[in-house]
Amino acid sequence: MLQTLVAEVYGPDYKSQIELAAQIKKIFQQTAGVVDVDWYVEDPQTKYDLKVDLDKAALHGISPADVTRTLQVGLTGANAGLLHDPTSREDVPIEVRLARSDRSGIEDLESVKLPLPPGDRLRCKKSPTSSKPRLTPVSIARICNRWFT
């Protein structure tokens, strides 16, 4: 017969809780018949805080809300409508989101391009193959400062 052992550790501060939980985990691991010991403690994670440089953003006509929304869509996705497929029983939702490989690191997110507002002429460049100017999107890294915590 299989039984599950669970230990919930409470205490006055997080550090003491982790120390006691580590001791309990070690006891579980050394106890005969106890297998598959695990705990739900998050490993320390690097937190990135992107701060929009308001002056740089304003020069490109981009608001902090534009940056936030672009990253939000890239990371968590956004519903872009429905695909009406005659071979499917139901409509298929279309979700716009970056591929996992394009949203797995801070460098990937910093290279995300922000759309320029209509009529923006600050970023116009002539294409080498065409005499017609084209708008070049601005990357997030150009208007954000990165902070680590």
# chains A, B, ... in the order shown; residues from 1 in each chain; ligands from 1

$ residues_around --residues "A:Val52" --least-positions-apart "4" --cutoff "10 Å" --atoms "only C-alpha atoms" --output "list in words"
Lys56, Ala57, Ile62, Ser63, Pro64, Ala65, Val67, Thr68, Ile140, Ala141, Arg142, Ile143, Cys144, Asn145 and Arg146 of chain A

$ select_by_dssp --residues "chain A" --states "strand (DSSP E or B)" --output "ChimeraX atom specification"
/A:48-52,78-83,92-96,113-114,124-126,133-135,138-139,144-148

$ residues_around --residues "A:Leu114" --least-positions-apart "3" --cutoff "10 Å" --atoms "only C-alpha atoms" --output "PyMOL selection string"
chain A and resi 60+62+66-67+69-71+111+117+136-140+143

$ closest_residue --among "A:Gly61, A:Leu83, A:Ala78, A:Lys47" --to "A:Gly105" --atoms "only C-alpha atoms"
A:Lys47

$ closest_residue --among "A:Leu116, A:Asn79, A:Gly74, A:Arg89" --to "A:Ser101" --atoms "only C-alpha atoms"
A:Gly74

$ closest_residue --among "A:Leu109, A:Ile24, A:Ala7, A:Leu75" --to "A:Leu50" --atoms "only C-alpha atoms"
A:Leu109

$ select_by_dssp --residues "stretch 1-148 of chain A" --states "alpha helix (DSSP H)" --output "mmCIF file with all heavy atoms, in the first residue's frame"
data_model
loop_
_atom_site.group_PDB
_atom_site.id
_atom_site.type_symbol
_atom_site.label_atom_id
_atom_site.label_comp_id
_atom_site.auth_asym_id
_atom_site.auth_seq_id
_atom_site.Cartn_x
_atom_site.Cartn_y
_atom_site.Cartn_z
ATOM 1 N N TYR A 14 11.179 33.374 6.379
ATOM 2 C CA TYR A 14 11.369 32.456 5.251
ATOM 3 C C TYR A 14 12.668 31.665 5.384
ATOM 4 O O TYR A 14 12.703 30.468 5.101
ATOM 5 C CB TYR A 14 11.337 33.251 3.945
ATOM 6 C CG TYR A 14 11.354 32.386 2.709
ATOM 7 C CD1 TYR A 14 10.249 31.616 2.355
ATOM 8 C CD2 TYR A 14 12.469 32.335 1.891
ATOM 9 C CE1 TYR A 14 10.255 30.822 1.225
ATOM 10 C CE2 TYR A 14 12.492 31.544 0.752
ATOM 11 C CZ TYR A 14 11.379 30.780 0.427
ATOM 12 O OH TYR A 14 11.390 29.995 -0.692
ATOM 13 N N LYS A 15 13.729 32.319 5.818
ATOM 14 C CA LYS A 15 15.033 31.651 5.934
ATOM 15 C C LYS A 15 14.948 30.483 6.904
ATOM 16 O O LYS A 15 15.447 29.391 6.615
ATOM 17 C CB LYS A 15 16.095 32.656 6.385
ATOM 18 C CG LYS A 15 17.487 32.078 6.443
ATOM 19 C CD LYS A 15 18.500 33.104 6.888
ATOM 20 C CE LYS A 15 19.864 32.439 6.956
ATOM 21 N NZ LYS A 15 20.651 32.885 8.069
ATOM 22 N N SER A 16 14.312 30.671 8.050
ATOM 23 C CA SER A 16 14.167 29.592 9.035
ATOM 24 C C SER A 16 13.298 28.469 8.485
ATOM 25 O O SER A 16 13.573 27.288 8.726
ATOM 26 C CB SER A 16 13.546 30.121 10.331
ATOM 27 O OG SER A 16 14.338 31.131 10.887
ATOM 28 N N GLN A 17 12.274 28.821 7.741
ATOM 29 C CA GLN A 17 11.406 27.804 7.142
ATOM 30 C C GLN A 17 12.197 26.929 6.171
ATOM 31 O O GLN A 17 12.060 25.698 6.188
ATOM 32 C CB GLN A 17 10.251 28.459 6.390
ATOM 33 C CG GLN A 17 9.228 29.126 7.263
ATOM 34 C CD GLN A 17 8.189 29.885 6.432
ATOM 35 O OE1 GLN A 17 8.191 29.842 5.213
ATOM 36 N NE2 GLN A 17 7.306 30.571 7.129
ATOM 37 N N ILE A 18 13.032 27.543 5.345
ATOM 38 C CA ILE A 18 13.821 26.796 4.363
ATOM 39 C C ILE A 18 14.824 25.891 5.065
ATOM 40 O O ILE A 18 15.016 24.734 4.678
ATOM 41 C CB ILE A 18 14.530 27.756 3.381
ATOM 42 C CG1 ILE A 18 13.505 28.529 2.554
ATOM 43 C CG2 ILE A 18 15.494 27.009 2.469
ATOM 44 C CD1 ILE A 18 12.589 27.659 1.717
ATOM 45 N N GLU A 19 15.469 26.383 6.120
ATOM 46 C CA GLU A 19 16.438 25.569 6.856
ATOM 47 C C GLU A 19 15.767 24.344 7.471
ATOM 48 O O GLU A 19 16.273 23.223 7.375
ATOM 49 C CB GLU A 19 17.123 26.409 7.944
ATOM 50 C CG GLU A 19 18.082 27.452 7.387
ATOM 51 C CD GLU A 19 18.589 28.428 8.452
ATOM 52 O OE1 GLU A 19 18.193 28.312 9.633
ATOM 53 O OE2 GLU A 19 19.382 29.317 8.086
ATOM 54 N N LEU A 20 14.617 24.546 8.108
ATOM 55 C CA LEU A 20 13.892 23.429 8.721
ATOM 56 C C LEU A 20 13.379 22.465 7.644
ATOM 57 O O LEU A 20 13.466 21.244 7.800
ATOM 58 C CB LEU A 20 12.733 23.944 9.577
ATOM 59 C CG LEU A 20 11.897 22.884 10.280
ATOM 60 C CD1 LEU A 20 12.767 21.995 11.174
ATOM 61 C CD2 LEU A 20 10.793 23.541 11.091
ATOM 62 N N ALA A 21 12.867 22.999 6.548
ATOM 63 C CA ALA A 21 12.377 22.145 5.459
ATOM 64 C C ALA A 21 13.503 21.298 4.880
ATOM 65 O O ALA A 21 13.295 20.126 4.546
ATOM 66 C CB ALA A 21 11.733 23.000 4.376
ATOM 67 N N ALA A 22 14.708 21.849 4.772
ATOM 68 C CA ALA A 22 15.856 21.093 4.269
ATOM 69 C C ALA A 22 16.193 19.940 5.213
ATOM 70 O O ALA A 22 16.529 18.831 4.761
ATOM 71 C CB ALA A 22 17.061 22.016 4.085
ATOM 72 N N GLN A 23 16.087 20.175 6.515
ATOM 73 C CA GLN A 23 16.336 19.108 7.497
ATOM 74 C C GLN A 23 15.278 18.006 7.368
ATOM 75 O O GLN A 23 15.611 16.815 7.388
ATOM 76 C CB GLN A 23 16.330 19.670 8.922
ATOM 77 C CG GLN A 23 17.491 20.592 9.221
ATOM 78 C CD GLN A 23 17.356 21.255 10.596
ATOM 79 O OE1 GLN A 23 16.549 20.852 11.429
ATOM 80 N NE2 GLN A 23 18.170 22.282 10.825
ATOM 81 N N ILE A 24 14.030 18.382 7.213
ATOM 82 C CA ILE A 24 12.940 17.405 7.061
ATOM 83 C C ILE A 24 13.125 16.623 5.764
ATOM 84 O O ILE A 24 12.955 15.395 5.729
ATOM 85 C CB ILE A 24 11.565 18.108 7.107
ATOM 86 C CG1 ILE A 24 11.327 18.690 8.496
ATOM 87 C CG2 ILE A 24 10.444 17.146 6.708
ATOM 88 C CD1 ILE A 24 10.125 19.609 8.590
ATOM 89 N N LYS A 25 13.504 17.292 4.702
ATOM 90 C CA LYS A 25 13.733 16.628 3.418
ATOM 91 C C LYS A 25 14.847 15.594 3.555
ATOM 92 O O LYS A 25 14.726 14.463 3.048
ATOM 93 C CB LYS A 25 14.102 17.665 2.350
ATOM 94 C CG LYS A 25 14.333 17.080 0.974
ATOM 95 C CD LYS A 25 14.687 18.172 -0.029
ATOM 96 C CE LYS A 25 15.039 17.551 -1.372
ATOM 97 N NZ LYS A 25 15.611 18.515 -2.293
ATOM 98 N N LYS A 26 15.892 15.946 4.274
ATOM 99 C CA LYS A 26 17.010 15.019 4.482
ATOM 100 C C LYS A 26 16.552 13.795 5.277
ATOM 101 O O LYS A 26 16.921 12.665 4.953
ATOM 102 C CB LYS A 26 18.152 15.737 5.214
ATOM 103 C CG LYS A 26 19.410 14.918 5.352
ATOM 104 C CD LYS A 26 20.528 15.723 5.976
ATOM 105 C CE LYS A 26 21.776 14.885 6.099
ATOM 106 N NZ LYS A 26 22.871 15.647 6.709
ATOM 107 N N ILE A 27 15.715 13.985 6.293
ATOM 108 C CA ILE A 27 15.176 12.869 7.083
ATOM 109 C C ILE A 27 14.340 11.952 6.191
ATOM 110 O O ILE A 27 14.465 10.727 6.240
ATOM 111 C CB ILE A 27 14.356 13.384 8.289
ATOM 112 C CG1 ILE A 27 15.276 14.056 9.302
ATOM 113 C CG2 ILE A 27 13.558 12.256 8.934
ATOM 114 C CD1 ILE A 27 14.549 14.830 10.388
ATOM 115 N N PHE A 28 13.493 12.544 5.351
ATOM 116 C CA PHE A 28 12.673 11.752 4.428
ATOM 117 C C PHE A 28 13.565 10.918 3.496
ATOM 118 O O PHE A 28 13.294 9.748 3.242
ATOM 119 C CB PHE A 28 11.770 12.647 3.586
ATOM 120 C CG PHE A 28 10.509 13.119 4.266
ATOM 121 C CD1 PHE A 28 10.216 12.792 5.591
ATOM 122 C CD2 PHE A 28 9.604 13.897 3.569
ATOM 123 C CE1 PHE A 28 9.051 13.228 6.190
ATOM 124 C CE2 PHE A 28 8.431 14.337 4.169
ATOM 125 C CZ PHE A 28 8.154 14.002 5.492
ATOM 126 N N GLN A 29 14.626 11.538 2.973
ATOM 127 C CA GLN A 29 15.518 10.845 2.044
ATOM 128 C C GLN A 29 16.250 9.685 2.714
ATOM 129 O O GLN A 29 16.568 8.701 2.056
ATOM 130 C CB GLN A 29 16.535 11.829 1.444
ATOM 131 C CG GLN A 29 15.917 12.816 0.479
ATOM 132 C CD GLN A 29 16.860 13.935 0.080
ATOM 133 O OE1 GLN A 29 17.747 14.331 0.835
ATOM 134 N NE2 GLN A 29 16.666 14.458 -1.135
ATOM 135 N N GLN A 30 16.512 9.791 4.014
ATOM 136 C CA GLN A 30 17.252 8.757 4.743
ATOM 137 C C GLN A 30 16.347 7.684 5.345
ATOM 138 O O GLN A 30 16.837 6.696 5.865
ATOM 139 C CB GLN A 30 18.095 9.402 5.854
ATOM 140 C CG GLN A 30 19.192 10.301 5.315
ATOM 141 C CD GLN A 30 19.906 11.089 6.407
ATOM 142 O OE1 GLN A 30 19.432 11.175 7.538
ATOM 143 N NE2 GLN A 30 21.050 11.659 6.064
ATOM 144 N N LEU A 54 11.689 57.364 -20.793
ATOM 145 C CA LEU A 54 10.589 58.175 -21.326
ATOM 146 C C LEU A 54 11.033 59.124 -22.427
ATOM 147 O O LEU A 54 10.295 59.361 -23.386
ATOM 148 C CB LEU A 54 9.904 58.927 -20.192
ATOM 149 C CG LEU A 54 9.271 58.038 -19.109
ATOM 150 C CD1 LEU A 54 8.687 58.888 -17.996
ATOM 151 C CD2 LEU A 54 8.222 57.123 -19.699
ATOM 152 N N ASP A 55 12.234 59.664 -22.301
ATOM 153 C CA ASP A 55 12.734 60.589 -23.326
ATOM 154 C C ASP A 55 12.971 59.868 -24.653
ATOM 155 O O ASP A 55 12.555 60.333 -25.715
ATOM 156 C CB ASP A 55 14.023 61.267 -22.864
ATOM 157 C CG ASP A 55 13.796 62.208 -21.689
ATOM 158 O OD1 ASP A 55 12.659 62.726 -21.571
ATOM 159 O OD2 ASP A 55 14.728 62.423 -20.897
ATOM 160 N N LYS A 56 13.641 58.711 -24.594
ATOM 161 C CA LYS A 56 13.902 57.948 -25.820
ATOM 162 C C LYS A 56 12.598 57.478 -26.450
ATOM 163 O O LYS A 56 12.430 57.515 -27.659
ATOM 164 C CB LYS A 56 14.795 56.742 -25.523
ATOM 165 C CG LYS A 56 16.227 57.080 -25.215
ATOM 166 C CD LYS A 56 17.004 55.805 -24.952
ATOM 167 C CE LYS A 56 18.424 56.075 -24.524
ATOM 168 N NZ LYS A 56 19.136 54.815 -24.210
ATOM 169 N N ALA A 57 11.688 57.004 -25.605
ATOM 170 C CA ALA A 57 10.401 56.525 -26.115
ATOM 171 C C ALA A 57 9.642 57.657 -26.796
ATOM 172 O O ALA A 57 9.078 57.484 -27.878
ATOM 173 C CB ALA A 57 9.580 55.922 -24.981
ATOM 174 N N ALA A 58 9.647 58.829 -26.163
ATOM 175 C CA ALA A 58 8.932 59.973 -26.723
ATOM 176 C C ALA A 58 9.523 60.389 -28.069
ATOM 177 O O ALA A 58 8.787 60.778 -28.983
ATOM 178 C CB ALA A 58 8.964 61.148 -25.745
ATOM 179 N N LEU A 59 10.836 60.291 -28.220
ATOM 180 C CA LEU A 59 11.467 60.628 -29.497
ATOM 181 C C LEU A 59 10.968 59.746 -30.628
ATOM 182 O O LEU A 59 10.929 60.144 -31.784
ATOM 183 C CB LEU A 59 12.991 60.498 -29.392
ATOM 184 C CG LEU A 59 13.707 61.622 -28.647
ATOM 185 C CD1 LEU A 59 15.180 61.292 -28.483
ATOM 186 C CD2 LEU A 59 13.537 62.949 -29.382
ATOM 187 N N PRO A 64 4.997 54.145 -22.808
ATOM 188 C CA PRO A 64 5.291 52.986 -21.959
ATOM 189 C C PRO A 64 4.214 51.901 -22.080
ATOM 190 O O PRO A 64 4.518 50.715 -22.010
ATOM 191 C CB PRO A 64 5.330 53.580 -20.553
ATOM 192 C CG PRO A 64 5.708 55.009 -20.757
ATOM 193 C CD PRO A 64 5.058 55.400 -22.060
ATOM 194 N N ALA A 65 2.972 52.305 -22.301
ATOM 195 C CA ALA A 65 1.894 51.328 -22.477
ATOM 196 C C ALA A 65 2.118 50.485 -23.736
ATOM 197 O O ALA A 65 1.793 49.295 -23.751
ATOM 198 C CB ALA A 65 0.551 52.033 -22.538
ATOM 199 N N ASP A 66 2.688 51.094 -24.790
ATOM 200 C CA ASP A 66 3.006 50.339 -26.007
ATOM 201 C C ASP A 66 4.028 49.248 -25.708
ATOM 202 O O ASP A 66 3.909 48.121 -26.187
ATOM 203 C CB ASP A 66 3.566 51.260 -27.099
ATOM 204 C CG ASP A 66 2.567 52.278 -27.608
ATOM 205 O OD1 ASP A 66 1.351 52.008 -27.531
ATOM 206 O OD2 ASP A 66 3.005 53.339 -28.082
ATOM 207 N N VAL A 67 5.042 49.588 -24.918
ATOM 208 C CA VAL A 67 6.078 48.621 -24.558
ATOM 209 C C VAL A 67 5.460 47.490 -23.738
ATOM 210 O O VAL A 67 5.674 46.304 -24.017
ATOM 211 C CB VAL A 67 7.216 49.299 -23.761
ATOM 212 C CG1 VAL A 67 8.247 48.281 -23.305
ATOM 213 C CG2 VAL A 67 7.869 50.399 -24.590
ATOM 214 N N THR A 68 4.664 47.858 -22.742
ATOM 215 C CA THR A 68 4.035 46.865 -21.879
ATOM 216 C C THR A 68 3.140 45.928 -22.676
ATOM 217 O O THR A 68 3.208 44.706 -22.536
ATOM 218 C CB THR A 68 3.212 47.563 -20.779
ATOM 219 O OG1 THR A 68 4.076 48.424 -20.040
ATOM 220 C CG2 THR A 68 2.575 46.567 -19.846
ATOM 221 N N ARG A 69 2.318 46.487 -23.522
ATOM 222 C CA ARG A 69 1.382 45.672 -24.315
ATOM 223 C C ARG A 69 2.127 44.759 -25.278
ATOM 224 O O ARG A 69 1.778 43.594 -25.446
ATOM 225 C CB ARG A 69 0.405 46.581 -25.067
ATOM 226 C CG ARG A 69 -0.587 45.838 -25.913
ATOM 227 C CD ARG A 69 -1.593 45.090 -25.057
ATOM 228 N NE ARG A 69 -2.513 44.373 -25.936
ATOM 229 C CZ ARG A 69 -3.024 43.203 -25.683
ATOM 230 N NH1 ARG A 69 -2.750 42.603 -24.551
ATOM 231 N NH2 ARG A 69 -3.835 42.614 -26.516
ATOM 232 N N THR A 70 3.174 45.253 -25.911
ATOM 233 C CA THR A 70 3.941 44.442 -26.852
ATOM 234 C C THR A 70 4.577 43.251 -26.140
ATOM 235 O O THR A 70 4.514 42.125 -26.624
ATOM 236 C CB THR A 70 5.019 45.296 -27.545
ATOM 237 O OG1 THR A 70 4.383 46.365 -28.246
ATOM 238 C CG2 THR A 70 5.845 44.470 -28.513
ATOM 239 N N LEU A 71 5.178 43.498 -24.974
ATOM 240 C CA LEU A 71 5.776 42.398 -24.212
ATOM 241 C C LEU A 71 4.721 41.428 -23.703
ATOM 242 O O LEU A 71 4.920 40.215 -23.709
ATOM 243 C CB LEU A 71 6.606 42.944 -23.046
ATOM 244 C CG LEU A 71 7.932 43.575 -23.441
ATOM 245 C CD1 LEU A 71 8.612 44.202 -22.229
ATOM 246 C CD2 LEU A 71 8.848 42.545 -24.092
ATOM 247 N N GLN A 72 3.594 41.964 -23.272
ATOM 248 C CA GLN A 72 2.514 41.110 -22.778
ATOM 249 C C GLN A 72 2.016 40.172 -23.883
ATOM 250 O O GLN A 72 1.837 38.978 -23.653
ATOM 251 C CB GLN A 72 1.373 41.969 -22.249
ATOM 252 C CG GLN A 72 0.227 41.162 -21.676
ATOM 253 C CD GLN A 72 -0.898 42.060 -21.175
ATOM 254 O OE1 GLN A 72 -1.079 43.181 -21.654
ATOM 255 N NE2 GLN A 72 -1.638 41.574 -20.216
ATOM 256 N N VAL A 73 1.801 40.692 -25.063
ATOM 257 C CA VAL A 73 1.347 39.860 -26.174
ATOM 258 C C VAL A 73 2.427 38.842 -26.530
ATOM 259 O O VAL A 73 2.137 37.666 -26.754
ATOM 260 C CB VAL A 73 0.993 40.729 -27.409
ATOM 261 C CG1 VAL A 73 0.796 39.866 -28.650
ATOM 262 C CG2 VAL A 73 -0.254 41.551 -27.134
ATOM 263 N N GLY A 74 3.678 39.268 -26.552
ATOM 264 C CA GLY A 74 4.768 38.357 -26.885
ATOM 265 C C GLY A 74 4.929 37.219 -25.902
ATOM 266 O O GLY A 74 5.194 36.077 -26.281
ATOM 267 N N LEU A 75 4.760 37.510 -24.614
ATOM 268 C CA LEU A 75 4.970 36.497 -23.580
ATOM 269 C C LEU A 75 3.753 35.624 -23.325
ATOM 270 O O LEU A 75 3.863 34.401 -23.240
ATOM 271 C CB LEU A 75 5.396 37.172 -22.268
ATOM 272 C CG LEU A 75 6.781 37.798 -22.276
ATOM 273 C CD1 LEU A 75 6.988 38.633 -21.028
ATOM 274 C CD2 LEU A 75 7.844 36.723 -22.387
ATOM 275 N N THR A 76 2.587 36.247 -23.176
ATOM 276 C CA THR A 76 1.401 35.477 -22.783
ATOM 277 C C THR A 76 0.433 35.251 -23.935
ATOM 278 O O THR A 76 -0.447 34.410 -23.824
ATOM 279 C CB THR A 76 0.654 36.157 -21.622
ATOM 280 O OG1 THR A 76 0.217 37.445 -22.043
ATOM 281 C CG2 THR A 76 1.537 36.298 -20.407
ATOM 282 N N ILE A 106 16.239 37.280 -21.716
ATOM 283 C CA ILE A 106 16.063 38.727 -21.715
ATOM 284 C C ILE A 106 16.554 39.336 -23.028
ATOM 285 O O ILE A 106 15.969 40.278 -23.532
ATOM 286 C CB ILE A 106 16.747 39.380 -20.482
ATOM 287 C CG1 ILE A 106 16.392 40.861 -20.381
ATOM 288 C CG2 ILE A 106 18.250 39.180 -20.506
ATOM 289 C CD1 ILE A 106 14.950 41.136 -20.054
ATOM 290 N N GLU A 107 17.620 38.769 -23.607
ATOM 291 C CA GLU A 107 18.131 39.301 -24.873
ATOM 292 C C GLU A 107 17.092 39.133 -25.984
ATOM 293 O O GLU A 107 16.957 39.990 -26.851
ATOM 294 C CB GLU A 107 19.442 38.609 -25.271
ATOM 295 C CG GLU A 107 20.616 38.945 -24.364
ATOM 296 C CD GLU A 107 20.603 38.158 -23.049
ATOM 297 O OE1 GLU A 107 19.896 37.132 -22.945
ATOM 298 O OE2 GLU A 107 21.296 38.579 -22.108
ATOM 299 N N ASP A 108 16.365 37.999 -25.943
ATOM 300 C CA ASP A 108 15.310 37.778 -26.937
ATOM 301 C C ASP A 108 14.223 38.837 -26.814
ATOM 302 O O ASP A 108 13.735 39.365 -27.806
ATOM 303 C CB ASP A 108 14.676 36.391 -26.762
ATOM 304 C CG ASP A 108 15.682 35.269 -26.937
ATOM 305 O OD1 ASP A 108 16.540 35.385 -27.836
ATOM 306 O OD2 ASP A 108 15.619 34.287 -26.184
ATOM 307 N N LEU A 109 13.841 39.135 -25.581
ATOM 308 C CA LEU A 109 12.772 40.115 -25.366
ATOM 309 C C LEU A 109 13.224 41.519 -25.738
ATOM 310 O O LEU A 109 12.448 42.316 -26.246
ATOM 311 C CB LEU A 109 12.294 40.075 -23.919
ATOM 312 C CG LEU A 109 11.631 38.768 -23.500
ATOM 313 C CD1 LEU A 109 11.266 38.808 -22.025
ATOM 314 C CD2 LEU A 109 10.409 38.487 -24.351
ATOM 315 N N GLU A 110 14.488 41.823 -25.481
ATOM 316 C CA GLU A 110 14.991 43.155 -25.823
ATOM 317 C C GLU A 110 15.056 43.379 -27.331
ATOM 318 O O GLU A 110 15.048 44.506 -27.795
ATOM 319 C CB GLU A 110 16.375 43.374 -25.211
ATOM 320 C CG GLU A 110 16.335 43.594 -23.730
ATOM 321 C CD GLU A 110 17.720 43.792 -23.135
ATOM 322 O OE1 GLU A 110 18.708 43.226 -23.666
ATOM 323 O OE2 GLU A 110 17.826 44.505 -22.130
ATOM 324 N N ILE A 140 12.955 47.127 -28.329
ATOM 325 C CA ILE A 140 12.721 47.470 -26.925
ATOM 326 C C ILE A 140 14.018 47.890 -26.247
ATOM 327 O O ILE A 140 14.040 48.810 -25.443
ATOM 328 C CB ILE A 140 12.045 46.291 -26.201
ATOM 329 C CG1 ILE A 140 10.593 46.208 -26.664
ATOM 330 C CG2 ILE A 140 12.149 46.416 -24.690
ATOM 331 C CD1 ILE A 140 9.792 45.071 -26.103
ATOM 332 N N ALA A 141 15.123 47.243 -26.597
ATOM 333 C CA ALA A 141 16.407 47.569 -25.978
ATOM 334 C C ALA A 141 16.810 49.018 -26.224
ATOM 335 O O ALA A 141 17.497 49.621 -25.408
ATOM 336 C CB ALA A 141 17.503 46.638 -26.488
ATOM 337 N N ARG A 142 16.375 49.616 -27.350
ATOM 338 C CA ARG A 142 16.758 50.994 -27.660
ATOM 339 C C ARG A 142 16.081 52.016 -26.767
ATOM 340 O O ARG A 142 16.566 53.129 -26.626
ATOM 341 C CB ARG A 142 16.435 51.315 -29.110
ATOM 342 C CG ARG A 142 17.374 50.590 -30.075
ATOM 343 C CD ARG A 142 17.128 51.082 -31.443
ATOM 344 N NE ARG A 142 17.463 52.502 -31.497
ATOM 345 C CZ ARG A 142 18.102 53.071 -32.491
ATOM 346 N NH1 ARG A 142 18.464 52.367 -33.512
ATOM 347 N NH2 ARG A 142 18.353 54.350 -32.481
ATOM 348 N N ILE A 143 14.933 51.656 -26.185
ATOM 349 C CA ILE A 143 14.217 52.649 -25.371
ATOM 350 C C ILE A 143 14.055 52.218 -23.912
ATOM 351 O O ILE A 143 13.406 52.904 -23.145
ATOM 352 C CB ILE A 143 12.830 52.966 -25.978
ATOM 353 C CG1 ILE A 143 11.962 51.740 -26.042
ATOM 354 C CG2 ILE A 143 12.972 53.626 -27.320
ATOM 355 C CD1 ILE A 143 10.513 52.044 -26.359
#
